[in-house]
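Chemist: Starting off with a structure, shown below.
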Amino acid sequence: MGQVGEGLADFFNFVLLNATLSDWNPVHASVKELCESYPAEVRSRMHLMSYEDYFEEHRAHVEQEFAGFAYQGQEFPL
């Protein structure tokens, strides 16, 4: 699968995305799939959310590849 989102970063400042930290999920894309599917320019604006309890184990990688994890109470200007 090729990357999607080429040139899209010109149209938004941030993306909130619920992702799975597992290798596979029937509903949410995995962090690995997002890295393979979106260019760094788009990923740098993605704030990931996850309901999984072990997100701290993935924090360093997510912060390296994405804008990081969104946190409770965080505000984004619209």
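A note on labels: chains of the structure tokens are A, B, ... as shown, every chain counts residues from 1, and ligands are counted from 1 in their shown order.
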Mind checking DSSP for chain A and telling me the strand (DSSP E or B) residues as a PyMOL selection string?
Modeler: chain A and resi 15-18+20+30+46-49+68-69
Chemist: Excluding Ala67 of chain A and residues on its chain fewer than 5 positions from it, collect all residues at most 7 Å away from it, counting only C-alpha atoms, and give them as a JSON list (two decimals) with C-alpha atoms, in the first residue's frame.
Modeler:
```
[["chain", "number", "residue", "atom", "x", "y", "z"],
["A", 43, "ARG", "CA", 2.24, 12.29, 10.83],
["A", 44, "SER", "CA", 3.95, 15.25, 12.51],
["A", 45, "ARG", "CA", 0.47, 16.78, 12.93],
["A", 46, "MET", "CA", -1.25, 13.62, 14.19],
["A", 47, "HIS", "CA", -2.09, 13.43, 17.88]]
```
Chemist: Give the alpha helix (DSSP H) residues of segment 26-65 of chain A, as DSSP finds them on the backbone, and put them as a PyMOL selection string.
Modeler: chain A and resi 31-37+40-43+59-65
Chemist: Restricting the output to C-alpha atoms, write the selected residues as a PDB file, in the first residue's frame.
Modeler:
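Saved result, part32.pdb, follows:
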```
ATOM      1  CA  VAL A  31       0.880   2.754  14.714  1.00  0.00           C
ATOM      2  CA  LYS A  32       2.878   0.675  12.230  1.00  0.00           C
ATOM      3  CA  GLU A  33       0.152   1.005   9.571  1.00  0.00           C
ATOM      4  CA  LEU A  34       0.003   4.767  10.093  1.00  0.00           C
ATOM      5  CA  CYS A  35       3.782   5.049   9.702  1.00  0.00           C
ATOM      6  CA  GLU A  36       3.624   3.054   6.473  1.00  0.00           C
ATOM      7  CA  SER A  37       0.606   4.922   5.095  1.00  0.00           C
ATOM      8  CA  ALA A  40       6.200  12.350   7.948  1.00  0.00           C
ATOM      9  CA  GLU A  41       4.759  15.767   7.061  1.00  0.00           C
ATOM     10  CA  VAL A  42       1.248  14.498   7.868  1.00  0.00           C
ATOM     11  CA  ARG A  43       2.244  12.291  10.833  1.00  0.00           C
ATOM     12  CA  ARG A  59       5.362   6.936  24.014  1.00  0.00           C
ATOM     13  CA  ALA A  60       8.968   7.415  22.753  1.00  0.00           C
ATOM     14  CA  HIS A  61       8.186   5.909  19.342  1.00  0.00           C
ATOM     15  CA  VAL A  62       4.917   7.839  18.997  1.00  0.00           C
ATOM     16  CA  GLU A  63       6.605  11.110  19.937  1.00  0.00           C
ATOM     17  CA  GLN A  64       9.343  10.418  17.386  1.00  0.00           C
ATOM     18  CA  GLU A  65       6.964   9.622  14.502  1.00  0.00           C
TER      19      GLU A  65
END
```
Chemist: Excluding Ser30 of chain A and any residue of its chain fewer than 4 positions from it, enumerate the residues within 7 Å of it, using only C-alpha atoms, and give them as a PyMOL selection string.
Modeler: chain A and resi 19-24+34
Chemist: Counting only C-alpha atoms, which of A:Asn18, A:Tyr38, A:Asn13, A:Glu57 gets nearest to Ala70 of chain A?
Modeler: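 Once distances to Ala70 of chain A are computed over only C-alpha atoms, the minimum belongs to A:Asn18.
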Chemist: What is the atom CA of Gly73 of chain A to atom CA of Phe11 of chain A distance in Å?
Modeler: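 One can read the atom CA of Gly73 of chain A to atom CA of Phe11 of chain A distance as 24.6 Å.
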Chemist: Atom CA of Asp53 of chain A and atom CA of Phe66 of chain A, how far apart in Å?
Modeler: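 Here the two named atoms are 19.1 Å from each other.
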Chemist: Between atom CA of Phe55 of chain A and atom CA of Phe69 of chain A, what is the distance, to one decimal in Å?
Modeler: 8.7 Å
